[in-house]
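Chemist: Sharing a structure below in structure tokens format, with a few things to ask.
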Amino acid sequence: MTFPLGAHVSRNVFIYHGFFLTVLSVVTFLSVMASACPKICHCSERNGLTVVQCSSRNLEEIPPDLPQDTVSLLLSSNHITKIPNQAFKYLPWLQELDLSRNAIETVDAGAFHGVAESLQALDLSHNHMRSVPKEAFARLHAKISLSNNPWHCECQLQEVLRELKLDPETVNEVSCHTSVQEEYAGKPVIQVLDSGINFCNFHHKTTDIAMFVTMFGWFTMVIAYVIYYVRHNQEDARRHLEYLKSLPSSSQISKDFDTISTVL
């Protein structure tokens, strides 16, 4: 069965029109997804990209439904306690990240994967961090504020800070809350390091002392066992010797035998 030429043209136009509408729908959907703003936050535009304002919203975790075109994410003054792995992996345009004045204690090693190249400013000040894994800030080029955290000054923190571009305005507020050497508690970390102190040396010395104490303990146990073993064997030998002495001698046995023979 054949159709007129006009029917074929109309059919093709219908197919192309349907395909165009499908593509347009997908593009529109992706555009909406990229620009959707979390209900609890406020979003605005900056040079065609999105600024997400989520400060002081009583958040306990980083919102998962952030616009993909976010250029600035403001999460200060919340109750966030952790930055999990790949928390910002769907934000390739992110340049500014403010997580100050939260309750962050833990930063996972892969927390900033996906934004290491784009991020320009990172604020983690006024949190509860004592230490962070060195891998967490790997390849970060951002200016970072770590002030007013209860840092524990030791080798790992020293190695982390060595790789970072710290905010010069707040660098002197990065202080040792505690330290492997108590005399440095309360002092700015950079000031301590600039004075020539190397916390990694303290770490090695502490490890060496611990190994020495452990070896001394084992040595003492071995000596104590040897002394106990010798004394125990000496006691057994003494008892055995006394037993042998208590036995009648062969001459005494012979005399007793002769006496019995005479009587008989």
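Scheme for the structure tokens: letters A, B, ... for chains in order shown; per-chain residue numbers from 1; ligand numbers from 1 in order shown.
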Just want the 8 Å neighbourhood of segment 60-63 of chain A, counted on only C-alpha atoms, with same-chain residues fewer than 6 positions away dropped. Output as a PyMOL selection string.
Modeler: chain A and resi 38+75+78-83+87
Chemist: Generate the output file for the selected residues, all heavy atoms, as a compact mmCIF listing (two decimals), in the first residue's frame.
Modeler:
```
# COMPACT_ATOMS: atom_id res chain seq x y z
N PRO A 38 17.63 24.87 47.20
CA PRO A 38 17.05 24.21 48.37
C PRO A 38 16.03 25.11 49.05
O PRO A 38 16.24 26.32 49.18
CB PRO A 38 18.27 23.96 49.28
CG PRO A 38 19.44 23.97 48.34
CD PRO A 38 19.11 24.94 47.27
N LEU A 75 27.47 28.61 54.23
CA LEU A 75 26.88 27.69 55.20
C LEU A 75 27.30 28.03 56.63
O LEU A 75 27.28 27.16 57.51
CB LEU A 75 27.30 26.25 54.88
CG LEU A 75 26.72 25.64 53.60
CD1 LEU A 75 27.52 24.42 53.17
CD2 LEU A 75 25.26 25.26 53.80
N ASN A 78 25.81 27.38 61.39
CA ASN A 78 24.87 26.26 61.46
C ASN A 78 25.37 25.25 62.51
O ASN A 78 26.18 25.60 63.37
CB ASN A 78 24.70 25.61 60.09
CG ASN A 78 23.81 26.43 59.17
OD1 ASN A 78 22.62 26.57 59.40
ND2 ASN A 78 24.41 26.99 58.13
N HIS A 79 24.90 24.01 62.42
CA HIS A 79 25.30 22.98 63.39
C HIS A 79 25.92 21.79 62.67
O HIS A 79 25.79 20.65 63.13
CB HIS A 79 24.09 22.54 64.22
CG HIS A 79 23.35 23.68 64.86
ND1 HIS A 79 23.91 24.47 65.84
CD2 HIS A 79 22.10 24.17 64.65
CE1 HIS A 79 23.04 25.39 66.22
NE2 HIS A 79 21.93 25.24 65.51
N ILE A 80 26.58 22.04 61.57
CA ILE A 80 27.22 20.98 60.79
C ILE A 80 28.42 20.43 61.56
O ILE A 80 29.24 21.20 62.07
CB ILE A 80 27.66 21.51 59.42
CG1 ILE A 80 26.44 22.00 58.64
CG2 ILE A 80 28.42 20.45 58.62
CD1 ILE A 80 26.78 22.77 57.38
N THR A 81 28.52 19.11 61.67
CA THR A 81 29.59 18.48 62.45
C THR A 81 30.61 17.73 61.59
O THR A 81 31.68 17.39 62.08
CB THR A 81 29.01 17.48 63.46
OG1 THR A 81 28.27 16.47 62.75
CG2 THR A 81 28.07 18.18 64.44
N LYS A 82 30.28 17.51 60.33
CA LYS A 82 31.17 16.69 59.50
C LYS A 82 31.09 17.13 58.05
O LYS A 82 30.03 17.49 57.55
CB LYS A 82 30.78 15.21 59.62
CG LYS A 82 31.62 14.26 58.77
CD LYS A 82 31.16 12.82 58.94
CE LYS A 82 31.99 11.88 58.08
NZ LYS A 82 31.58 10.46 58.23
N ILE A 83 32.25 17.06 57.35
CA ILE A 83 32.29 17.25 55.90
C ILE A 83 32.62 15.90 55.30
O ILE A 83 33.77 15.44 55.37
CB ILE A 83 33.35 18.29 55.49
CG1 ILE A 83 33.15 19.60 56.27
CG2 ILE A 83 33.26 18.56 53.99
CD1 ILE A 83 34.18 20.66 55.94
N ALA A 87 31.53 15.79 49.23
CA ALA A 87 30.35 16.57 49.61
C ALA A 87 29.98 17.60 48.55
O ALA A 87 28.81 18.02 48.50
CB ALA A 87 30.61 17.26 50.95
```
Chemist: Pull the alpha helix (DSSP H) assignments for segment 86-237 of chain A out of DSSP run on the backbone, and list those residues as a count of residues only.
Modeler: 53
Chemist: Within 8 Å of Val160 of chain A, counting only C-alpha atoms, which residues show up once you throw out same-chain ones fewer than 3 positions away? Write them as a ChimeraX atom specification, please.
Modeler: /A:132-134,137,156-157,163-164
Chemist: What lies within 8 Å of segment 117-128 of chain A using only C-alpha atoms, ignoring chain neighbours under 3 positions off, as a VMD selection string?
Modeler: chain A and resid 92 to 105 114 139 to 150
Chemist: Once you have the residues from the selection above, write them out as an mmCIF file, in the first residue's frame, restricted to N, CA, C and O atoms.
Modeler:
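Contents of part_0.cif, freshly written:
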```cif
data_model
loop_
_atom_site.group_PDB
_atom_site.id
_atom_site.type_symbol
_atom_site.label_atom_id
_atom_site.label_comp_id
_atom_site.auth_asym_id
_atom_site.auth_seq_id
_atom_site.Cartn_x
_atom_site.Cartn_y
_atom_site.Cartn_z
ATOM 1 N N PRO A 92 30.925 21.960 40.046
ATOM 2 C CA PRO A 92 32.191 22.201 39.340
ATOM 3 C C PRO A 92 32.579 23.676 39.237
ATOM 4 O O PRO A 92 33.733 23.988 38.930
ATOM 5 N N TRP A 93 31.638 24.596 39.499
ATOM 6 C CA TRP A 93 31.917 26.022 39.385
ATOM 7 C C TRP A 93 32.169 26.675 40.745
ATOM 8 O O TRP A 93 32.392 27.887 40.817
ATOM 9 N N LEU A 94 32.168 25.897 41.793
ATOM 10 C CA LEU A 94 32.262 26.461 43.144
ATOM 11 C C LEU A 94 33.595 27.178 43.365
ATOM 12 O O LEU A 94 34.666 26.609 43.179
ATOM 13 N N GLN A 95 33.495 28.451 43.776
ATOM 14 C CA GLN A 95 34.687 29.262 44.016
ATOM 15 C C GLN A 95 34.828 29.684 45.479
ATOM 16 O O GLN A 95 35.942 29.825 45.976
ATOM 17 N N GLU A 96 33.716 29.883 46.147
ATOM 18 C CA GLU A 96 33.738 30.357 47.535
ATOM 19 C C GLU A 96 32.907 29.411 48.412
ATOM 20 O O GLU A 96 31.758 29.114 48.086
ATOM 21 N N LEU A 97 33.498 28.952 49.508
ATOM 22 C CA LEU A 97 32.816 28.042 50.429
ATOM 23 C C LEU A 97 33.036 28.511 51.859
ATOM 24 O O LEU A 97 34.163 28.547 52.344
ATOM 25 N N ASP A 98 31.958 28.898 52.511
ATOM 26 C CA ASP A 98 32.033 29.403 53.885
ATOM 27 C C ASP A 98 31.352 28.416 54.834
ATOM 28 O O ASP A 98 30.132 28.262 54.811
ATOM 29 N N LEU A 99 32.161 27.738 55.651
ATOM 30 C CA LEU A 99 31.662 26.783 56.647
ATOM 31 C C LEU A 99 32.053 27.231 58.054
ATOM 32 O O LEU A 99 32.114 26.410 58.976
ATOM 33 N N SER A 100 32.269 28.501 58.226
ATOM 34 C CA SER A 100 32.697 29.027 59.526
ATOM 35 C C SER A 100 31.558 28.963 60.542
ATOM 36 O O SER A 100 30.378 28.892 60.189
ATOM 37 N N ARG A 101 31.952 28.968 61.811
ATOM 38 C CA ARG A 101 31.012 29.009 62.935
ATOM 39 C C ARG A 101 29.988 27.869 62.890
ATOM 40 O O ARG A 101 28.792 28.060 63.013
ATOM 41 N N ASN A 102 30.516 26.667 62.676
ATOM 42 C CA ASN A 102 29.719 25.450 62.799
ATOM 43 C C ASN A 102 30.273 24.634 63.966
ATOM 44 O O ASN A 102 30.914 25.189 64.863
ATOM 45 N N ALA A 103 30.031 23.323 63.943
ATOM 46 C CA ALA A 103 30.565 22.446 64.982
ATOM 47 C C ALA A 103 31.360 21.312 64.338
ATOM 48 O O ALA A 103 31.356 20.174 64.819
ATOM 49 N N ILE A 104 32.056 21.638 63.261
ATOM 50 C CA ILE A 104 32.770 20.624 62.475
ATOM 51 C C ILE A 104 33.927 20.042 63.277
ATOM 52 O O ILE A 104 34.802 20.762 63.750
ATOM 53 N N GLU A 105 33.905 18.729 63.436
ATOM 54 C CA GLU A 105 34.970 17.995 64.109
ATOM 55 C C GLU A 105 35.747 17.114 63.134
ATOM 56 O O GLU A 105 36.931 16.862 63.328
ATOM 57 N N GLY A 114 36.597 17.121 43.582
ATOM 58 C CA GLY A 114 35.696 17.700 42.595
ATOM 59 C C GLY A 114 35.713 19.213 42.566
ATOM 60 O O GLY A 114 35.279 19.816 41.578
ATOM 61 N N ARG A 139 45.804 19.126 46.634
ATOM 62 C CA ARG A 139 45.578 19.843 45.369
ATOM 63 C C ARG A 139 44.691 21.079 45.525
ATOM 64 O O ARG A 139 44.270 21.665 44.535
ATOM 65 N N LEU A 140 44.386 21.479 46.743
ATOM 66 C CA LEU A 140 43.608 22.706 46.948
ATOM 67 C C LEU A 140 44.504 23.927 46.743
ATOM 68 O O LEU A 140 45.597 23.996 47.287
ATOM 69 N N HIS A 141 44.019 24.880 45.967
ATOM 70 C CA HIS A 141 44.754 26.118 45.735
ATOM 71 C C HIS A 141 44.061 27.307 46.401
ATOM 72 O O HIS A 141 44.500 28.451 46.232
ATOM 73 N N ALA A 142 43.001 27.047 47.123
ATOM 74 C CA ALA A 142 42.207 28.110 47.728
ATOM 75 C C ALA A 142 42.921 28.759 48.905
ATOM 76 O O ALA A 142 43.767 28.143 49.559
ATOM 77 N N LYS A 143 42.568 29.993 49.174
ATOM 78 C CA LYS A 143 43.009 30.672 50.394
ATOM 79 C C LYS A 143 42.127 30.154 51.532
ATOM 80 O O LYS A 143 40.907 30.211 51.458
ATOM 81 N N ILE A 144 42.749 29.621 52.586
ATOM 82 C CA ILE A 144 42.025 28.894 53.620
ATOM 83 C C ILE A 144 42.163 29.579 54.975
ATOM 84 O O ILE A 144 43.254 29.986 55.370
ATOM 85 N N SER A 145 41.037 29.676 55.669
ATOM 86 C CA SER A 145 41.049 30.193 57.044
ATOM 87 C C SER A 145 40.749 29.043 58.006
ATOM 88 O O SER A 145 39.704 28.391 57.907
ATOM 89 N N LEU A 146 41.688 28.795 58.931
ATOM 90 C CA LEU A 146 41.547 27.710 59.909
ATOM 91 C C LEU A 146 41.596 28.242 61.341
ATOM 92 O O LEU A 146 41.802 27.478 62.284
ATOM 93 N N SER A 147 41.391 29.520 61.516
ATOM 94 C CA SER A 147 41.540 30.149 62.827
ATOM 95 C C SER A 147 40.445 29.714 63.803
ATOM 96 O O SER A 147 39.371 29.257 63.411
ATOM 97 N N ASN A 148 40.770 29.859 65.087
ATOM 98 C CA ASN A 148 39.826 29.598 66.176
ATOM 99 C C ASN A 148 39.239 28.186 66.130
ATOM 100 O O ASN A 148 38.026 27.985 66.202
ATOM 101 N N ASN A 149 40.131 27.228 66.007
ATOM 102 C CA ASN A 149 39.807 25.806 66.179
ATOM 103 C C ASN A 149 40.709 25.255 67.278
ATOM 104 O O ASN A 149 41.828 25.753 67.465
ATOM 105 N N PRO A 150 40.279 24.250 68.003
ATOM 106 C CA PRO A 150 41.101 23.695 69.102
ATOM 107 C C PRO A 150 42.171 22.734 68.583
ATOM 108 O O PRO A 150 42.171 21.545 68.903
#
```
Chemist: Need to verify the contact set: Ala36 of chain A, 9 Å, only C-alpha atoms, exclusion of same-chain residues closer than 5 positions in sequence. Can you return it as a list in words?
Modeler: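 The filter keeps Ser31, Cys43, Asp65, Leu66, Pro67 and Gln68 of chain A.
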